[in-house]
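As stored in protein.pdb (PDB, C-alpha atoms):
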ATOM      1  CA  MET A   1     -39.492 -23.361  14.590
ATOM      2  CA  LYS A   2     -36.181 -21.649  15.348
ATOM      3  CA  PRO A   3     -35.612 -18.096  14.194
ATOM      4  CA  VAL A   4     -32.895 -17.709  11.557
ATOM      5  CA  ILE A   5     -30.582 -14.743  11.798
ATOM      6  CA  SER A   6     -28.372 -14.078   8.824
ATOM      7  CA  LEU A   7     -24.633 -13.863   9.339
ATOM      8  CA  PRO A   8     -24.256 -10.439   7.646
ATOM      9  CA  PHE A   9     -26.825  -9.010  10.062
ATOM     10  CA  LEU A  10     -24.814 -10.279  13.038
ATOM     11  CA  LEU A  11     -21.506  -9.017  11.649
ATOM     12  CA  TRP A  12     -22.780  -5.541  10.710
ATOM     13  CA  PRO A  13     -21.864  -3.837  14.060
ATOM     14  CA  PHE A  14     -18.345  -5.287  13.888
ATOM     15  CA  MET A  15     -17.840  -4.270  10.264
ATOM     16  CA  GLN A  16     -18.848  -0.710  11.112
ATOM     17  CA  SER A  17     -16.074  -0.454  13.694
ATOM     18  CA  CYS A  18     -13.331  -1.520  11.249
ATOM     19  CA  GLY A  19     -12.984   1.868   9.572
ATOM     20  CA  PHE A  20     -10.295   4.473  10.098
ATOM     21  CA  VAL A  21     -10.557   7.539  12.281
ATOM     22  CA  TYR A  22      -9.015   9.436   9.379
ATOM     23  CA  GLU A  23      -8.317   8.570   5.748
ATOM     24  CA  TRP A  24      -7.022  11.000   3.147
ATOM     25  CA  HIS A  25      -5.920  10.035  -0.353
ATOM     26  CA  LEU A  26      -2.645  11.782  -1.188
ATOM     27  CA  THR A  27      -1.687  10.600  -4.655
ATOM     28  CA  GLY A  28      -1.703   7.287  -6.536
ATOM     29  CA  ASN A  29      -1.551   4.415  -4.044
ATOM     30  CA  TYR A  30      -0.568   6.637  -1.103
ATOM     31  CA  TYR A  31      -2.858   7.601   1.780
ATOM     32  CA  LEU A  32      -2.763   9.231   5.174
ATOM     33  CA  ILE A  33      -4.373   6.825   7.633
ATOM     34  CA  ALA A  34      -5.152   7.087  11.352
ATOM     35  CA  VAL A  35      -6.553   3.887  12.800
ATOM     36  CA  ASP A  36      -7.418   4.915  16.373
ATOM     37  CA  THR A  37      -6.523   8.594  16.868
ATOM     38  CA  LYS A  38      -5.226  11.353  14.624
ATOM     39  CA  GLU A  39      -2.037  11.323  16.694
ATOM     40  CA  ASP A  40      -1.354   7.893  15.143
ATOM     41  CA  MET A  41      -1.379   9.225  11.555
ATOM     42  CA  ASP A  42       0.804   7.274   9.118
ATOM     43  CA  VAL A  43       1.555   7.511   5.400
ATOM     44  CA  CYS A  44       0.402   4.186   3.961
ATOM     45  CA  TYR A  45       0.596   2.372   0.650
ATOM     46  CA  HIS A  46      -2.529   0.645  -0.691
ATOM     47  CA  GLN A  47      -2.850  -0.924  -4.127
ATOM     48  CA  GLN A  48      -6.114   0.567  -5.366
ATOM     49  CA  GLU A  49      -6.730  -2.111  -7.986
ATOM     50  CA  ASP A  50      -6.854  -4.780  -5.245
ATOM     51  CA  GLU A  51      -9.649  -3.948  -2.793
ATOM     52  CA  ASP A  52      -8.456  -6.688  -0.431
ATOM     53  CA  ALA A  53      -4.889  -5.351  -0.263
ATOM     54  CA  PRO A  54      -3.962  -4.016   3.174
ATOM     55  CA  TYR A  55      -2.880  -0.478   3.950
ATOM     56  CA  THR A  56       0.840  -0.824   4.666
ATOM     57  CA  GLY A  57       2.478   1.791   6.882
ATOM     58  CA  ILE A  58       5.535   3.532   5.486
ATOM     59  CA  THR A  59       6.610   6.160   8.008
ATOM     60  CA  GLY A  60       5.194   4.955  11.301
ATOM     61  CA  ALA A  61       2.709   6.896  13.362
ATOM     62  CA  SER A  62       2.811  10.535  14.497
ATOM     63  CA  VAL A  63       2.771  12.259  11.082
ATOM     64  CA  TYR A  64       1.673  15.864  11.558
ATOM     65  CA  ALA A  65       2.499  17.542   8.208
ATOM     66  CA  VAL A  66       2.820  16.464   4.572
ATOM     67  CA  GLY A  67       3.565  17.976   1.199
ATOM     68  CA  TYR A  68       3.337  16.116  -2.091
ATOM     69  CA  ASP A  69       3.076  16.129  -5.846
ATOM     70  CA  GLY A  70       2.927  13.271  -8.353
ATOM     71  CA  ASP A  71       6.586  12.359  -7.780
ATOM     72  CA  PHE A  72       7.363  12.882  -4.088
ATOM     73  CA  ILE A  73       5.722  12.908  -0.669
ATOM     74  CA  LEU A  74       7.445  14.880   2.096
ATOM     75  CA  VAL A  75       6.615  14.032   5.694
ATOM     76  CA  LYS A  76       7.121  15.575   9.130
ATOM     77  CA  ALA A  77       6.530  13.263  12.087
ATOM     78  CA  TYR A  78       7.135  13.453  15.796
ATOM     79  CA  ARG A  79       9.772  11.048  17.052
ATOM     80  CA  ALA A  80       8.415   7.999  18.856
ATOM     81  CA  LEU A  81       9.532   7.572  22.444
ATOM     82  CA  ARG A  82      11.109   4.187  23.140
ATOM     83  CA  ASP A  83      11.874   2.186  26.244
ATOM     84  CA  SER A  84      15.341   0.927  27.180
ATOM     85  CA  MET A  85      14.850  -2.092  24.864
ATOM     86  CA  GLY A  86      14.069   0.167  21.876
ATOM     87  CA  ILE A  87      10.355  -0.672  21.816
ATOM     88  CA  SER A  88       7.970   2.163  20.910
ATOM     89  CA  LEU A  89       5.905   3.415  23.844
ATOM     90  CA  GLN A  90       3.033   4.730  21.680
ATOM     91  CA  ARG A  91       3.893   8.273  22.761
ATOM     92  CA  TYR A  92       5.757  10.938  20.879
ATOM     93  CA  ASP A  93       8.394  13.564  21.574
ATOM     94  CA  LYS A  94       6.708  16.668  20.196
ATOM     95  CA  ASN A  95       9.980  18.587  20.536
ATOM     96  CA  THR A  96      11.738  16.411  17.951
ATOM     97  CA  THR A  97      10.715  16.178  14.302
ATOM     98  CA  ASP A  98      11.789  13.435  11.920
ATOM     99  CA  TYR A  99      11.605  14.054   8.160
ATOM    100  CA  TYR A 100      10.981  11.576   5.340
ATOM    101  CA  ILE A 101      11.049  11.718   1.556
ATOM    102  CA  ILE A 102       8.927   9.132  -0.249
ATOM    103  CA  PRO A 103       9.382   8.734  -4.020
ATOM    104  CA  VAL A 104       5.969   8.012  -5.560
ATOM    105  CA  ASP A 105       5.934   4.657  -7.356
ATOM    106  CA  ASN A 106       2.489   3.153  -7.923
ATOM    107  CA  THR A 107       3.849  -0.017  -9.557
ATOM    108  CA  GLN A 108       5.638  -1.466  -6.533
ATOM    109  CA  GLU A 109       4.564  -3.938  -3.877
ATOM    110  CA  ALA A 110       3.694  -2.686  -0.398
ATOM    111  CA  TRP A 111       6.908  -3.989   1.181
ATOM    112  CA  GLU A 112       8.889  -2.122  -1.496
ATOM    113  CA  ALA A 113       7.119   1.111  -0.567
ATOM    114  CA  GLN A 114       8.375   0.638   2.994
ATOM    115  CA  GLU A 115      11.925   0.005   1.805
ATOM    116  CA  ASN A 116      12.067   2.799  -0.799
ATOM    117  CA  LYS A 117      11.511   5.746   1.522
ATOM    118  CA  PHE A 118      14.336   8.060   2.558
ATOM    119  CA  GLY A 119      14.588   8.992   6.237
ATOM    120  CA  THR A 120      14.479   9.544   9.070
ATOM    121  CA  PHE A 121      16.320  12.821   8.712
ATOM    122  CA  SER A 122      17.011  15.868  10.829
ATOM    123  CA  ARG A 123      15.893  19.146   9.243
ATOM    124  CA  LYS A 124      19.415  19.878   7.953
ATOM    125  CA  ASP A 125      19.938  16.381   6.478
ATOM    126  CA  PHE A 126      16.432  16.486   5.001
ATOM    127  CA  GLU A 127      17.218  19.695   3.101
ATOM    128  CA  VAL A 128      20.492  18.229   1.759
ATOM    129  CA  ARG A 129      18.800  14.992   0.609
ATOM    130  CA  ARG A 130      15.884  16.933  -0.883
ATOM    131  CA  LYS A 131      18.294  18.826  -3.133
ATOM    132  CA  GLU A 132      20.193  15.630  -4.062
ATOM    133  CA  LEU A 133      16.944  13.932  -5.133
ATOM    134  CA  GLY A 134      15.734  16.977  -7.061
ATOM    135  CA  VAL A 135      12.548  17.412  -5.012
ATOM    136  CA  PRO A 136      10.890  20.634  -6.222
ATOM    137  CA  ASP A 137      10.898  23.630  -3.882
ATOM    138  CA  ASP A 138       7.203  24.252  -4.574
ATOM    139  CA  ILE A 139       6.199  21.198  -2.512
ATOM    140  CA  VAL A 140       5.314  22.739   0.823
ATOM    141  CA  PHE A 141       4.208  21.163   4.088
ATOM    142  CA  LYS A 142       0.590  21.396   5.157
ATOM    143  CA  GLU A 143      -0.176  20.854   8.833
ATOM    144  CA  LEU A 144      -2.768  18.164   9.522
TER     145      LEU A 144
END
Could you take the file, read its structure, and then write that structure out as structure tokens?
Amino acid sequence: MKPVISLPFLLWPFMQSCGFVYEWHLTGNYYLIAVDTKEDMDVCYHQQEDEDAPYTGITGASVYAVGYDGDFILVKAYRALRDSMGISLQRYDKNTTDYYIIPVDNTQEAWEAQENKFGTFSRKDFEVRRKELGVPDDIVFKEL
């Protein structure tokens, strides 16, 4: 008689390794996610009502500060270093900060969340756009 090993038992070690290093719910369908290291933090969109929906990155990795309310998410991220072909090298220039403004919209599709962000901005351009969009001054950045 051959021993029978159930498939879930065999898959358990692999399923355990599929989690995130860091996951923080911001507001609505928006999360901070780091897959491998906290240096790779990204603001992501995930439709909560669909458990099988993927987490879709909005800003790219290297987020180090966020501020948010129910209407806007503000993001500071280090600029990704790129090679001569423009491909990201998975390293970041910690002397250069890019800014993003994400309008909160929990009714959109994930690809729309990627398209509907504002940025990347320099600090000066970020402040101008923040005023144009009516983002409240009481949203402050919190370092991660």
Would you list the contacts of range 17-34 of chain A as an MDAnalysis selection string, taking every protein, DNA or RNA residue within 7 Å and counting all atoms listed in the file, but skipping same-chain residues closer than 4 positions in sequence?
-> chainID A and resid 13 38 40:48 70 106
Expected selection from the PyMOL selection byres ((chain A and resi 136) around 12), given as a list in words |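 Matching residues under the PyMOL selection byres ((chain A and resi 136) around 12) are Gly67, Tyr68, Asp69, Gly70, Asp71, Phe72, Ile73, Leu74, Ile101, Glu127, Arg129, Arg130, Lys131, Glu132, Leu133, Gly134, Val135, Asp137, Asp138, Ile139 and Val140 of chain A.
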Contacts of range 111-115 of chain A within 9 Å, all atoms listed in the file, excl. fewer than 2 positions in-chain, as a PyMOL selection string = chain A and resi 44-45+56-59+102-106+108-109+117-118
Write a file of the just-selected residues containing C-alpha atoms, as a PDB file, in the frame of the given file.
ATOM      1  CA  CYS A  44       0.402   4.186   3.961  1.00  0.00           C
ATOM      2  CA  TYR A  45       0.596   2.372   0.650  1.00  0.00           C
ATOM      3  CA  THR A  56       0.840  -0.824   4.666  1.00  0.00           C
ATOM      4  CA  GLY A  57       2.478   1.791   6.882  1.00  0.00           C
ATOM      5  CA  ILE A  58       5.535   3.532   5.486  1.00  0.00           C
ATOM      6  CA  THR A  59       6.610   6.160   8.008  1.00  0.00           C
ATOM      7  CA  ILE A 102       8.927   9.132  -0.249  1.00  0.00           C
ATOM      8  CA  PRO A 103       9.382   8.734  -4.020  1.00  0.00           C
ATOM      9  CA  VAL A 104       5.969   8.012  -5.560  1.00  0.00           C
ATOM     10  CA  ASP A 105       5.934   4.657  -7.356  1.00  0.00           C
ATOM     11  CA  ASN A 106       2.489   3.153  -7.923  1.00  0.00           C
ATOM     12  CA  GLN A 108       5.638  -1.466  -6.533  1.00  0.00           C
ATOM     13  CA  GLU A 109       4.564  -3.938  -3.877  1.00  0.00           C
ATOM     14  CA  LYS A 117      11.511   5.746   1.522  1.00  0.00           C
ATOM     15  CA  PHE A 118      14.336   8.060   2.558  1.00  0.00           C
TER      16      PHE A 118
END
For CA of Tyr92 in chain A and CA of Tyr55 in chain A, the interatomic separation in Å (one decimal) =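 Distance between the two atoms: 22.2 Å.
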Reference answer for the PyMOL selection byres ((chain A and resi 80) around 9), as a count of residues only | 15
May I ask which of the residues A:Pro54, A:Asp36, A:Val128, A:Tyr99 is the closest one to Lys76 in chain A, counting all atoms listed in the file?
->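 Checking each of A:Pro54, A:Asp36, A:Val128, A:Tyr99 against Lys76 in chain A, counting all atoms listed in the file, the winner is A:Tyr99.
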Would you compute the box with edges along x, y and z of the file around range 112-131 of chain A, including every atom the file lists for it and 6 Å extra on each side, and give its centre and edge lengths in Å to one decimal, as lines of an AutoDock Vina configuration file?
center_x = 13.8
center_y = 8.9
center_z = 3.8
size_x = 25.4
size_y = 34.0
size_z = 26.0
For this file, the PyMOL selection byres ((chain A and resi 65) around 6) selects which residues, as a PyMOL selection string?
-> chain A and resi 64+66+75-76+141-144
Quick one, how far is CA of Thr107 in chain A from CA of Ala53 in chain A?
-> 13.8 Å
Which value, in Å to one decimal, gives the distance between CA of Asn95 in chain A and CA of Val63 in chain A?
->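 The value is 13.5 Å.
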List the residues sitting within 7 Å of (13.7, 19.7, 14.1) in the file's frame, using all atoms listed in the file, as a list of chain:residue names.
->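 These residues have at least one counted atom within 7 Å: A:Thr96, A:Thr97, A:Asp98, A:Ser122, A:Arg123.
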Grab range 22-61 of chain A from that structure and dump N, CA and C atoms to a file, as an mmCIF file, in the first residue's frame.
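Generated output (result-v5.cif):
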data_model
loop_
_atom_site.group_PDB
_atom_site.id
_atom_site.type_symbol
_atom_site.label_atom_id
_atom_site.label_comp_id
_atom_site.auth_asym_id
_atom_site.auth_seq_id
_atom_site.Cartn_x
_atom_site.Cartn_y
_atom_site.Cartn_z
ATOM 1 N N TYR A 22 6.060 43.403 4.244
ATOM 2 C CA TYR A 22 5.349 44.483 4.923
ATOM 3 C C TYR A 22 4.041 44.750 4.194
ATOM 4 N N GLU A 23 2.971 44.887 4.959
ATOM 5 C CA GLU A 23 1.667 45.249 4.397
ATOM 6 C C GLU A 23 0.970 46.168 5.387
ATOM 7 N N TRP A 24 0.553 47.331 4.895
ATOM 8 C CA TRP A 24 -0.130 48.300 5.744
ATOM 9 C C TRP A 24 -1.295 48.877 4.955
ATOM 10 N N HIS A 25 -2.491 48.736 5.496
ATOM 11 C CA HIS A 25 -3.686 49.279 4.860
ATOM 12 C C HIS A 25 -3.717 50.783 5.092
ATOM 13 N N LEU A 26 -3.767 51.555 4.005
ATOM 14 C CA LEU A 26 -3.839 53.009 4.122
ATOM 15 C C LEU A 26 -5.282 53.458 4.265
ATOM 16 N N THR A 27 -6.027 53.347 3.178
ATOM 17 C CA THR A 27 -7.429 53.737 3.167
ATOM 18 C C THR A 27 -8.122 53.058 1.987
ATOM 19 N N GLY A 28 -9.368 52.678 2.139
ATOM 20 C CA GLY A 28 -10.105 52.061 1.034
ATOM 21 C C GLY A 28 -9.367 50.882 0.442
ATOM 22 N N ASN A 29 -9.124 50.925 -0.869
ATOM 23 C CA ASN A 29 -8.441 49.845 -1.573
ATOM 24 C C ASN A 29 -6.939 50.087 -1.722
ATOM 25 N N TYR A 30 -6.374 50.946 -0.921
ATOM 26 C CA TYR A 30 -4.970 51.336 -1.046
ATOM 27 C C TYR A 30 -4.136 50.787 0.109
ATOM 28 N N TYR A 31 -2.968 50.241 -0.246
ATOM 29 C CA TYR A 31 -2.079 49.597 0.716
ATOM 30 C C TYR A 31 -0.637 50.003 0.451
ATOM 31 N N LEU A 32 0.175 49.910 1.477
ATOM 32 C CA LEU A 32 1.622 49.955 1.320
ATOM 33 C C LEU A 32 2.094 48.512 1.354
ATOM 34 N N ILE A 33 2.830 48.098 0.340
ATOM 35 C CA ILE A 33 3.269 46.714 0.220
ATOM 36 C C ILE A 33 4.768 46.690 -0.059
ATOM 37 N N ALA A 34 5.474 45.809 0.655
ATOM 38 C CA ALA A 34 6.873 45.491 0.341
ATOM 39 C C ALA A 34 6.939 43.990 0.158
ATOM 40 N N VAL A 35 7.333 43.555 -1.018
ATOM 41 C CA VAL A 35 7.352 42.128 -1.322
ATOM 42 C C VAL A 35 8.586 41.453 -0.735
ATOM 43 N N ASP A 36 9.777 41.986 -1.007
ATOM 44 C CA ASP A 36 11.010 41.351 -0.558
ATOM 45 C C ASP A 36 11.693 42.086 0.589
ATOM 46 N N THR A 37 11.862 43.404 0.445
ATOM 47 C CA THR A 37 12.498 44.214 1.485
ATOM 48 C C THR A 37 11.701 45.499 1.644
ATOM 49 N N LYS A 38 11.843 46.134 2.803
ATOM 50 C CA LYS A 38 11.131 47.394 3.016
ATOM 51 C C LYS A 38 11.605 48.484 2.068
ATOM 52 N N GLU A 39 12.812 48.355 1.544
ATOM 53 C CA GLU A 39 13.311 49.323 0.570
ATOM 54 C C GLU A 39 12.471 49.287 -0.706
ATOM 55 N N ASP A 40 11.783 48.195 -0.957
ATOM 56 C CA ASP A 40 10.967 48.027 -2.161
ATOM 57 C C ASP A 40 9.497 48.375 -1.924
ATOM 58 N N MET A 41 9.218 49.230 -0.944
ATOM 59 C CA MET A 41 7.854 49.614 -0.599
ATOM 60 C C MET A 41 7.174 50.327 -1.767
ATOM 61 N N ASP A 42 5.908 49.983 -1.996
ATOM 62 C CA ASP A 42 5.129 50.560 -3.088
ATOM 63 C C ASP A 42 3.712 50.812 -2.593
ATOM 64 N N VAL A 43 3.084 51.884 -3.069
ATOM 65 C CA VAL A 43 1.653 52.074 -2.823
ATOM 66 C C VAL A 43 0.939 51.230 -3.869
ATOM 67 N N CYS A 44 0.033 50.376 -3.405
ATOM 68 C CA CYS A 44 -0.668 49.442 -4.286
ATOM 69 C C CYS A 44 -2.178 49.590 -4.155
ATOM 70 N N TYR A 45 -2.860 49.179 -5.197
ATOM 71 C CA TYR A 45 -4.319 49.168 -5.229
ATOM 72 C C TYR A 45 -4.767 47.717 -5.223
ATOM 73 N N HIS A 46 -5.726 47.397 -4.348
ATOM 74 C CA HIS A 46 -6.249 46.033 -4.234
ATOM 75 C C HIS A 46 -7.741 46.108 -3.946
ATOM 76 N N GLN A 47 -8.538 45.541 -4.838
ATOM 77 C CA GLN A 47 -9.988 45.553 -4.638
ATOM 78 C C GLN A 47 -10.344 44.572 -3.534
ATOM 79 N N GLN A 48 -10.736 45.111 -2.389
ATOM 80 C CA GLN A 48 -10.991 44.302 -1.197
ATOM 81 C C GLN A 48 -12.110 43.294 -1.387
ATOM 82 N N GLU A 49 -13.111 43.640 -2.186
ATOM 83 C CA GLU A 49 -14.250 42.732 -2.351
ATOM 84 C C GLU A 49 -13.904 41.504 -3.185
ATOM 85 N N ASP A 50 -12.755 41.509 -3.852
ATOM 86 C CA ASP A 50 -12.309 40.381 -4.667
ATOM 87 C C ASP A 50 -10.997 39.857 -4.090
ATOM 88 N N GLU A 51 -11.087 38.805 -3.266
ATOM 89 C CA GLU A 51 -9.899 38.273 -2.602
ATOM 90 C C GLU A 51 -8.826 37.818 -3.583
ATOM 91 N N ASP A 52 -9.218 37.428 -4.787
ATOM 92 C CA ASP A 52 -8.263 36.948 -5.776
ATOM 93 C C ASP A 52 -7.628 38.071 -6.594
ATOM 94 N N ALA A 53 -8.091 39.294 -6.404
ATOM 95 C CA ALA A 53 -7.538 40.424 -7.164
ATOM 96 C C ALA A 53 -6.092 40.662 -6.735
ATOM 97 N N PRO A 54 -5.225 40.965 -7.680
ATOM 98 C CA PRO A 54 -3.823 41.214 -7.332
ATOM 99 C C PRO A 54 -3.645 42.584 -6.683
ATOM 100 N N TYR A 55 -2.508 42.758 -6.037
ATOM 101 C CA TYR A 55 -2.090 44.068 -5.560
ATOM 102 C C TYR A 55 -1.352 44.709 -6.730
ATOM 103 N N THR A 56 -1.844 45.831 -7.213
ATOM 104 C CA THR A 56 -1.264 46.489 -8.375
ATOM 105 C C THR A 56 -0.489 47.723 -7.932
ATOM 106 N N GLY A 57 0.799 47.758 -8.259
ATOM 107 C CA GLY A 57 1.651 48.874 -7.876
ATOM 108 C C GLY A 57 1.255 50.160 -8.578
ATOM 109 N N ILE A 58 1.304 51.249 -7.834
ATOM 110 C CA ILE A 58 0.943 52.558 -8.385
ATOM 111 C C ILE A 58 2.174 53.444 -8.547
ATOM 112 N N THR A 59 3.017 53.506 -7.542
ATOM 113 C CA THR A 59 4.121 54.462 -7.554
ATOM 114 C C THR A 59 5.458 53.848 -7.928
ATOM 115 N N GLY A 60 5.587 52.562 -7.891
ATOM 116 C CA GLY A 60 6.896 51.937 -8.028
ATOM 117 C C GLY A 60 7.530 51.839 -6.654
ATOM 118 N N ALA A 61 8.602 51.098 -6.579
ATOM 119 C CA ALA A 61 9.237 50.839 -5.289
ATOM 120 C C ALA A 61 9.950 52.071 -4.757
#
